[in-house]
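Participant: What follows is my_file10.cif; its format and atoms are mmCIF, C-alpha atoms.
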data_structure
#
loop_
_atom_site.label_atom_id
_atom_site.label_comp_id
_atom_site.auth_asym_id
_atom_site.auth_seq_id
_atom_site.Cartn_x
_atom_site.Cartn_y
_atom_site.Cartn_z
CA MET A 288 129.72 125.44 60.45
CA PRO A 289 127.99 122.11 60.40
CA LYS A 290 129.16 119.52 62.91
CA ALA A 291 132.62 118.08 62.56
CA ASN A 292 131.20 114.88 61.04
CA SER A 293 129.56 116.71 58.17
CA ALA A 294 129.63 113.54 56.10
CA GLN A 295 127.23 112.05 58.63
CA SER A 296 124.91 115.04 58.58
CA ALA A 297 125.07 115.11 54.76
CA LEU A 298 123.98 111.48 54.70
CA ASP A 299 121.16 112.21 57.14
CA LEU A 300 120.06 115.05 54.92
CA LEU A 301 120.06 112.87 51.81
CA VAL A 302 118.09 110.08 53.46
CA LEU A 303 115.50 112.46 54.91
CA THR A 304 115.10 114.23 51.56
CA VAL A 305 114.56 110.96 49.74
CA LEU A 306 112.02 109.72 52.27
CA GLU A 307 110.21 113.04 52.22
CA ARG A 308 109.88 112.90 48.46
CA ARG A 309 109.16 109.25 47.97
CA GLY A 310 107.25 108.27 51.09
CA ALA A 311 108.12 104.79 52.27
CA LEU A 312 111.26 103.00 51.11
CA HIS A 313 113.46 100.15 52.20
CA GLY A 314 117.20 100.57 52.63
CA TYR A 315 118.08 99.36 49.16
CA GLY A 316 115.52 101.69 47.62
CA ILE A 317 116.92 104.66 49.52
CA ALA A 318 120.47 103.94 48.34
CA ASN A 319 119.30 103.52 44.76
CA TYR A 320 117.23 106.65 44.74
CA ILE A 321 120.09 108.76 46.07
CA GLN A 322 122.27 107.33 43.36
CA GLN A 323 119.67 108.14 40.71
CA LEU A 324 118.93 111.64 41.97
CA SER A 325 122.60 112.54 42.01
CA ASP A 326 123.12 111.19 38.49
CA GLU A 327 125.28 108.36 39.78
CA ALA A 328 127.63 110.82 41.48
CA LEU A 329 126.76 109.68 44.99
CA ARG A 330 127.01 106.04 45.80
CA ILE A 331 126.17 105.41 49.42
CA GLU A 332 128.10 102.64 51.10
CA GLU A 333 125.84 100.19 52.90
CA GLY A 334 128.33 100.28 55.75
CA SER A 335 127.34 103.91 56.34
CA LEU A 336 123.73 103.74 55.23
CA TYR A 337 122.37 101.16 57.63
CA PRO A 338 124.02 102.52 60.80
CA ALA A 339 122.71 105.95 59.77
CA LEU A 340 119.19 104.58 59.22
CA HIS A 341 119.16 102.92 62.62
CA ARG A 342 120.62 105.95 64.32
CA MET A 343 117.98 108.18 62.78
CA GLU A 344 115.28 105.75 63.81
CA GLU A 345 116.54 105.91 67.38
CA SER A 346 116.51 109.71 67.19
CA GLY A 347 112.91 109.60 66.03
CA TRP A 348 113.42 111.24 62.67
CA ILE A 349 112.29 108.19 60.73
CA SER A 350 110.05 105.31 61.64
CA ALA A 351 110.32 101.76 60.41
CA GLU A 352 108.07 98.76 60.08
CA TRP A 353 108.28 95.28 58.72
CA THR A 354 106.26 94.41 55.69
CA SER A 355 106.02 91.04 54.03
CA THR A 356 107.00 90.77 50.42
CA GLU A 357 106.59 87.96 47.89
CA ASN A 358 108.62 84.84 48.74
CA LYS A 359 107.37 85.30 52.33
CA ARG A 360 110.37 87.50 53.02
CA ARG A 361 110.20 90.42 55.39
CA ALA A 362 111.39 93.84 54.37
CA ARG A 363 111.97 96.83 56.61
CA ILE A 364 110.55 100.03 55.19
CA TYR A 365 111.25 103.48 56.50
CA ARG A 366 109.16 106.62 56.57
CA ILE A 367 109.95 110.15 57.62
CA THR A 368 108.29 111.41 60.81
CA ARG A 369 107.05 114.84 61.78
CA ALA A 370 110.22 115.43 63.79
CA GLY A 371 112.21 114.25 60.81
CA GLN A 372 110.54 116.81 58.59
CA LYS A 373 111.45 119.59 61.01
CA GLN A 374 115.00 118.29 61.17
CA LEU A 375 115.14 118.16 57.36
CA ALA A 376 113.98 121.77 57.06
CA SER A 377 116.55 123.12 59.51
CA GLU A 378 119.43 120.96 58.27
CA SER A 379 118.87 121.75 54.61
CA ARG A 380 118.80 125.44 55.45
CA LYS A 381 122.08 125.10 57.35
CA TRP A 382 123.55 123.10 54.50
CA THR A 383 122.67 125.62 51.79
CA ASP A 384 123.96 128.46 53.95
CA PHE A 385 127.18 126.56 54.52
CA SER A 386 127.75 125.61 50.91
CA SER A 387 127.02 129.11 49.62
CA ALA A 388 129.45 130.51 52.17
CA VAL A 389 132.14 128.11 51.02
CA ALA A 390 131.39 128.99 47.40
CA ARG A 391 131.79 132.69 48.22
CA VAL A 392 135.14 132.10 49.86
CA LEU A 393 136.31 130.00 46.93
CA ARG A 394 135.29 132.72 44.51
CA PHE A 395 136.93 135.57 46.33
CA ALA A 396 139.95 133.94 47.93
CA MET B 259 111.33 105.93 75.01
CA SER B 260 114.51 105.74 73.02
CA VAL B 261 116.61 105.09 76.10
CA LEU B 262 114.24 102.40 77.33
CA SER B 263 114.32 100.60 74.00
CA ARG B 264 118.10 100.84 73.98
CA ILE B 265 118.32 99.30 77.45
CA TYR B 266 115.90 96.56 76.41
CA ASN B 267 117.99 95.82 73.33
CA ALA B 268 121.17 95.72 75.39
CA LEU B 269 119.65 93.06 77.63
CA ASN B 270 117.99 91.04 74.83
CA PRO B 271 120.11 91.52 71.72
CA LYS B 272 119.06 88.32 69.96
CA GLN B 273 115.91 89.73 68.39
CA LEU B 274 117.76 92.82 67.27
CA GLU B 275 120.50 90.72 65.69
CA ARG B 276 117.96 88.57 63.83
CA ASP B 277 116.20 91.65 62.52
CA LEU B 278 119.41 93.26 61.35
CA ALA B 279 120.58 90.09 59.61
CA GLU B 280 117.24 89.81 57.87
CA GLU B 281 117.29 93.43 56.76
CA MET B 282 120.79 93.17 55.29
CA SER B 283 120.07 89.91 53.54
CA ASP B 284 116.93 91.46 52.04
CA HIS B 285 119.08 94.27 50.69
CA ILE B 286 121.45 91.82 49.06
CA GLN B 287 118.56 89.82 47.61
CA ARG B 288 117.09 92.91 46.02
CA ARG B 289 120.39 93.94 44.52
CA ALA B 290 120.94 90.42 43.21
CA ALA B 291 117.45 90.50 41.70
CA ASP B 292 118.34 93.72 39.88
CA TYR B 293 121.50 92.14 38.52
CA MET B 294 119.57 89.10 37.40
CA ARG B 295 117.14 91.36 35.59
CA SER B 296 120.06 92.98 33.80
CA GLY B 297 121.30 89.62 32.58
CA LEU B 298 123.59 88.04 35.15
CA ASP B 299 122.92 84.49 36.16
CA CYS B 300 121.71 83.77 39.67
CA GLU B 301 125.01 82.82 41.23
CA ALA B 302 127.01 85.65 39.70
CA ALA B 303 124.32 88.14 40.65
CA HIS B 304 124.27 87.02 44.26
CA HIS B 305 128.03 86.95 44.42
CA ARG B 306 128.35 90.43 43.03
CA ALA B 307 125.64 91.79 45.28
CA ALA B 308 127.28 90.29 48.34
CA CYS B 309 130.68 91.70 47.37
CA GLU B 310 129.25 95.14 46.77
CA PHE B 311 127.60 95.20 50.14
CA GLY B 312 131.00 95.17 51.74
CA ASN B 313 131.59 93.97 55.25
CA ILE B 314 128.18 92.68 56.37
CA ALA B 315 129.31 91.80 59.87
CA LEU B 316 130.79 95.23 60.44
CA THR B 317 127.68 96.97 59.14
CA ARG B 318 125.53 94.79 61.37
CA GLU B 319 127.71 95.62 64.37
CA ARG B 320 127.57 99.33 63.72
CA SER B 321 123.82 99.29 63.23
CA ARG B 322 123.54 97.28 66.40
CA ASP B 323 125.54 99.83 68.33
CA ALA B 324 123.10 102.50 67.21
CA ARG B 325 120.18 100.55 68.68
CA LEU B 326 121.42 99.59 72.11
CA ILE B 327 123.60 100.97 74.85
CA PRO B 328 127.08 99.68 73.99
CA PHE B 329 128.22 100.06 77.59
CA ILE B 330 125.62 97.65 78.98
CA ASP B 331 126.08 95.27 76.08
CA GLU B 332 129.85 95.12 76.52
CA MET B 333 129.51 94.82 80.27
CA LEU B 334 127.23 91.80 79.85
CA HIS B 335 129.77 90.22 77.52
CA ASP B 336 132.50 90.79 80.08
CA VAL B 337 130.36 89.31 82.87
CA ARG B 338 129.64 86.18 80.80
CA TYR B 339 133.32 85.81 80.02
CA ALA B 340 134.23 86.20 83.68
CA VAL B 341 131.70 83.54 84.70
CA ARG B 342 133.14 81.13 82.11
CA ALA B 343 136.67 81.81 83.39
CA MET B 344 135.51 81.27 86.95
CA ARG B 345 134.08 77.88 86.11
CA ARG B 346 137.39 76.82 84.62
CA SER B 347 139.51 77.57 87.71
CA PRO B 348 137.24 77.80 90.75
CA VAL B 349 140.02 77.43 93.32
CA PHE B 350 141.85 80.49 92.10
CA PHE B 351 138.70 82.53 92.03
CA GLY B 352 137.67 81.25 95.44
CA ALA B 353 140.98 82.39 96.89
CA ALA B 354 140.70 85.77 95.16
CA ILE B 355 137.14 86.34 96.37
CA LEU B 356 138.05 85.27 99.90
CA SER B 357 141.01 87.58 100.19
CA LEU B 358 139.07 90.45 98.65
CA SER B 359 136.19 90.03 101.06
CA LEU B 360 138.53 89.80 104.04
CA ALA B 361 140.26 92.98 102.97
CA ILE B 362 136.98 94.81 102.41
CA ALA B 363 135.55 93.62 105.73
CA ALA B 364 138.66 94.67 107.66
CA ASN B 365 138.66 98.05 105.95
CA THR B 366 135.00 98.62 106.72
CA ALA B 367 135.41 97.60 110.35
CA VAL B 368 138.37 99.89 110.95
CA PHE B 369 136.66 102.76 109.18
CA SER B 370 133.46 102.36 111.18
CA LEU B 371 135.42 102.31 114.40
CA VAL B 372 137.50 105.36 113.62
CA ASP B 373 134.46 107.15 112.27
CA ALA B 374 132.40 106.55 115.39
CA VAL B 375 135.14 107.16 117.91
CA PHE B 376 137.26 109.79 116.32
CA TRP B 377 135.66 111.69 113.51
CA ARG B 378 132.04 112.10 114.41
CA THR B 379 131.24 114.70 117.03
CA LEU B 380 129.11 113.63 119.99
CA PRO B 381 125.42 114.11 119.35
CA VAL B 382 125.15 117.17 121.61
CA ARG B 383 124.92 120.81 120.77
CA GLN B 384 128.16 122.09 122.30
CA PRO B 385 130.45 119.11 122.79
CA SER B 386 133.31 121.33 123.95
CA ARG B 387 131.37 122.12 127.08
CA LEU B 388 131.03 118.51 128.23
CA PHE B 389 132.71 117.53 131.46
CA THR B 390 133.30 114.28 133.24
CA LEU B 391 132.65 114.42 136.97
CA SER B 392 134.38 111.88 139.15
CA THR B 393 135.81 111.35 142.57
CA PRO B 394 138.85 109.39 143.56
CA GLY B 395 137.99 105.93 144.76
CA ILE B 396 137.44 105.10 148.36
CA GLN B 397 140.68 105.51 150.17
CA GLN B 398 141.62 102.65 152.41
CA PRO B 399 143.28 103.95 155.58
CA GLY B 400 147.00 103.65 155.31
CA SER B 401 147.24 103.22 151.51
CA PRO B 402 147.76 105.99 148.97
CA LEU B 403 144.93 107.52 146.99
CA PRO B 404 143.86 105.04 144.32
CA ASP B 405 144.47 106.14 140.77
CA GLU B 406 141.15 104.94 139.57
CA ARG B 407 138.47 107.58 139.64
CA GLN B 408 134.83 106.80 140.00
CA SER B 409 132.22 108.75 138.17
CA PHE B 410 128.71 109.33 139.36
CA SER B 411 125.50 107.64 138.38
CA TYR B 412 122.86 110.06 137.23
CA PRO B 413 120.58 109.65 140.29
CA LEU B 414 123.53 110.39 142.56
CA PHE B 415 124.43 113.42 140.48
CA SER B 416 120.92 114.84 140.66
CA GLU B 417 120.90 114.28 144.43
CA LEU B 418 124.18 116.10 144.78
CA SER B 419 123.18 119.00 142.58
CA ALA B 420 119.93 119.37 144.51
CA GLY B 421 122.10 120.02 147.49
CA GLY B 422 121.18 116.95 149.45
#
As structure tokens, what does this structure read like?

Facilitator:
Amino acid sequence: MPKANSAQSALDLLVLTVLERRGALHGYGIANYIQQLSDEALRIEEGSLYPALHRMEESGWISAEWTSTENKRRARIYRITRAGQKQLASESRKWTDFSSAVARVLRFA
Amino acid sequence: MSVLSRIYNALNPKQLERDLAEEMSDHIQRRAADYMRSGLDCEAAHHRAACEFGNIALTRERSRDARLIPFIDEMLHDVRYAVRAMRRSPVFFGAAILSLSLAIAANTAVFSLVDAVFWRTLPVRQPSRLFTLSTPGIQQPGSPLPDERQSFSYPLFSELSAGG
């Protein structure tokens, strides 16, 4: 079974997947891309996204840097790290195992 | 490294707070820009983007908690509050500190005494085999034996044990 806060680990999984596929993104880009990839089914609340991004940065799964945009604004862009890629591989395996197990139970219950 | 950076952030949260505020405002700007591209006017776009973000302060707080050690951060807040309260009523705090220190000092003194006299064994190998040697005091002729006993100095003891 995934951890009790499986919503949190699902969000981690989504963010890592997006960063793995798209390279470097800022927070808004990550939220948008998840929304696009899921055909608008998943809309990530910023109230969960940013704490998750910072938590993952502390854990070393993603790295962040400031870049300057037009209008002399600064934007924080995130990239996946090597440790993050390992984490992504193991978590996505756990997730698919878990969801197929649930699907089996639902089918045969 | 993560723990060190968290301790550093707990002691100097201002930079972290500025960075978080900037990041969230950038998010809102980008969303507003998207809305403007899809036809909304500037004010409506910004308003809608800000509303959709939700509770900015809460999100900032939660992101902040992920980047520092909440225990140290909260402790520093409590210390600052206590210092402010102390400045407002110094007499009360003076009395409190004085009575606390008296109590602690008395406690420590009594404990040290009891510890040294009662609880600790003497620094010898077999303390149960220690004896005190003494003689009754010099008896004046005609008076009873004095109660006070006199023990020996070490030179006298070695003389006596040598059989002299």

Participant: Please determine, counting only C-alpha atoms, which residue among B:Arg276, B:Arg318, B:Arg306, B:Arg295 has the shortest atom-to-atom distance to chain A.

Facilitator: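 Residue with the minimum atom-to-atom distance to chain A: B:Arg318.
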
Participant: Give as a list in words the residues that the PyMOL selection byres ((chain A) within 8 of (chain B)) matches when applied to the coordinates above.

Facilitator: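 That expression, the PyMOL selection byres ((chain A) within 8 of (chain B)), corresponds here to Gly314, Tyr315, Glu332, Glu333, Gly334, Ser335, Tyr337, Pro338, Ala339, His341, Arg342, Glu345, Ser346, Arg360, Arg361, Ala362 and Arg363 of chain A.
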
Participant: Could you please take those selected residues and save C-alpha atoms as a JSON list (two decimals), in the frame of the given file?

Facilitator:
[["chain", "number", "residue", "atom", "x", "y", "z"],
["A", 314, "GLY", "CA", 117.20, 100.57, 52.63],
["A", 315, "TYR", "CA", 118.08, 99.36, 49.16],
["A", 332, "GLU", "CA", 128.10, 102.64, 51.10],
["A", 333, "GLU", "CA", 125.84, 100.19, 52.90],
["A", 334, "GLY", "CA", 128.33, 100.28, 55.75],
["A", 335, "SER", "CA", 127.34, 103.91, 56.34],
["A", 337, "TYR", "CA", 122.37, 101.16, 57.63],
["A", 338, "PRO", "CA", 124.02, 102.52, 60.80],
["A", 339, "ALA", "CA", 122.71, 105.95, 59.77],
["A", 341, "HIS", "CA", 119.16, 102.92, 62.62],
["A", 342, "ARG", "CA", 120.62, 105.95, 64.32],
["A", 345, "GLU", "CA", 116.54, 105.91, 67.38],
["A", 346, "SER", "CA", 116.51, 109.71, 67.19],
["A", 360, "ARG", "CA", 110.37, 87.50, 53.02],
["A", 361, "ARG", "CA", 110.20, 90.42, 55.39],
["A", 362, "ALA", "CA", 111.39, 93.84, 54.37],
["A", 363, "ARG", "CA", 111.97, 96.83, 56.61]]

Participant: Give as JSON, numbers by chain the residues that the PyMOL selection byres ((chain A and resi 302) around 12) matches when applied to the coordinates above.

Facilitator: {"A": [295, 296, 297, 298, 299, 300, 301, 303, 304, 305, 306, 307, 308, 309, 310, 311, 312, 313, 314, 315, 316, 317, 318, 319, 320, 321, 322, 324, 331, 335, 336, 337, 339, 340, 341, 342, 343, 344, 348, 349, 365, 366, 367, 371, 372, 374, 375, 378, 379]}

Participant: Atom CA of B:Ser419 and atom CA of B:Ser392 are how many Å apart?

Facilitator: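 Spanning atom CA of B:Ser419 to atom CA of B:Ser392 is a straight-line distance of 13.7 Å.
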
Participant: Using atom CA of B:Ile265 and atom CA of B:Ile355 as the two end points, give the distance in Å to one decimal.

Facilitator: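 Between these atoms lies a distance of 29.7 Å.
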
Participant: Quick one: pull the distance between atom CA of B:Ala303 and atom CA of A:Gln323, Å, one decimal.

Facilitator: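 Spanning atom CA of B:Ala303 to atom CA of A:Gln323 is a straight-line distance of 20.5 Å.
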
Participant: Would you kindly return, as a PyMOL selection string, each protein, DNA or RNA residue with an atom no farther than 12 Å from any atom of B:Glu301, considering all atoms listed in the file and excluding same-chain residues fewer than 5 positions away?

Facilitator: chain B and resi 287+290-291+293-294+306-308

Participant: Excluding B:Leu414 and any residue of its chain fewer than 6 positions from it, enumerate the residues within 12 Å of it, using only C-alpha atoms, and give them as a list of chain:residue names.

Facilitator: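 Residues near the query, excluding close chain neighbours: B:Leu391, B:Ser392, B:Ala420, B:Gly421, B:Gly422.
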
Participant: With 4 Å added on each side, what axis-aligned box encloses every listed atom of stretch 361-370 of chain A? Give the centre and edge lengths in Å to one decimal, as JSON.

Facilitator:
{"center_x": 109.5, "center_y": 102.9, "center_z": 59.1, "size_x": 12.9, "size_y": 33.0, "size_z": 17.4}

Participant: When you count all atoms listed in the file, which of these residues is closest to B:Met333: B:Leu418, B:Leu262, B:Ile362, B:Ala268?

Facilitator: B:Ala268

Participant: Fewer than 3 positions away in the same chain doesn't count, so skip those; otherwise give me all residues within 12 Å of B:Asp405, counting only C-alpha atoms, as a list in words.

Facilitator: Ser392, Thr393, Pro394, Gly395, Ile396, Gln397, Ser401, Pro402 and Gln408 of chain B

Participant: Can you rebuild stretch 282-309 of chain B with N, CA and C atoms and give it as a compact mmCIF listing (two decimals), in the frame of the given file?

Facilitator:
# COMPACT_ATOMS: atom_id res chain seq x y z
N MET B 282 119.65 93.10 56.20
CA MET B 282 120.79 93.17 55.29
C MET B 282 120.67 92.11 54.19
N SER B 283 120.18 90.94 54.56
CA SER B 283 120.07 89.91 53.54
C SER B 283 119.00 90.29 52.52
N ASP B 284 117.95 90.98 52.98
CA ASP B 284 116.93 91.46 52.04
C ASP B 284 117.54 92.45 51.05
N HIS B 285 118.40 93.31 51.56
CA HIS B 285 119.08 94.27 50.69
C HIS B 285 119.85 93.55 49.60
N ILE B 286 120.62 92.55 50.02
CA ILE B 286 121.45 91.82 49.06
C ILE B 286 120.57 91.09 48.05
N GLN B 287 119.47 90.51 48.53
CA GLN B 287 118.56 89.82 47.61
C GLN B 287 118.03 90.77 46.55
N ARG B 288 117.65 91.96 46.98
CA ARG B 288 117.09 92.91 46.02
C ARG B 288 118.12 93.33 44.99
N ARG B 289 119.35 93.56 45.47
CA ARG B 289 120.39 93.94 44.52
C ARG B 289 120.67 92.79 43.56
N ALA B 290 120.72 91.59 44.08
CA ALA B 290 120.94 90.42 43.21
C ALA B 290 119.81 90.30 42.19
N ALA B 291 118.57 90.57 42.64
CA ALA B 291 117.45 90.50 41.70
C ALA B 291 117.62 91.51 40.58
N ASP B 292 118.09 92.72 40.93
CA ASP B 292 118.34 93.72 39.88
C ASP B 292 119.39 93.24 38.90
N TYR B 293 120.45 92.63 39.43
CA TYR B 293 121.50 92.14 38.52
C TYR B 293 120.98 91.02 37.64
N MET B 294 120.12 90.19 38.21
CA MET B 294 119.57 89.10 37.40
C MET B 294 118.71 89.67 36.29
N ARG B 295 117.96 90.74 36.63
CA ARG B 295 117.14 91.36 35.59
C ARG B 295 118.00 91.93 34.49
N SER B 296 119.21 92.41 34.85
CA SER B 296 120.06 92.98 33.80
C SER B 296 120.94 91.92 33.17
N GLY B 297 120.68 90.65 33.40
CA GLY B 297 121.30 89.62 32.58
C GLY B 297 122.22 88.65 33.29
N LEU B 298 122.68 88.98 34.50
CA LEU B 298 123.59 88.04 35.15
C LEU B 298 122.84 86.78 35.58
N ASP B 299 123.58 85.68 35.66
CA ASP B 299 122.92 84.49 36.16
C ASP B 299 122.85 84.57 37.68
N CYS B 300 122.06 83.67 38.26
CA CYS B 300 121.71 83.77 39.67
C CYS B 300 122.93 83.82 40.57
N GLU B 301 123.87 82.90 40.32
CA GLU B 301 125.01 82.82 41.23
C GLU B 301 125.89 84.05 41.13
N ALA B 302 126.16 84.48 39.88
CA ALA B 302 127.01 85.65 39.70
C ALA B 302 126.36 86.89 40.30
N ALA B 303 125.04 86.97 40.12
CA ALA B 303 124.32 88.14 40.65
C ALA B 303 124.44 88.19 42.16
N HIS B 304 124.20 87.04 42.80
CA HIS B 304 124.27 87.02 44.26
C HIS B 304 125.68 87.31 44.75
N HIS B 305 126.64 86.74 44.03
CA HIS B 305 128.03 86.95 44.42
C HIS B 305 128.40 88.42 44.34
N ARG B 306 128.00 89.02 43.22
CA ARG B 306 128.35 90.43 43.03
C ARG B 306 127.64 91.31 44.06
N ALA B 307 126.39 90.98 44.30
CA ALA B 307 125.64 91.79 45.28
C ALA B 307 126.27 91.69 46.67
N ALA B 308 126.67 90.47 47.03
CA ALA B 308 127.28 90.29 48.34
C ALA B 308 128.60 91.04 48.43
N CYS B 309 129.41 90.98 47.37
CA CYS B 309 130.68 91.70 47.37
C CYS B 309 130.45 93.19 47.49
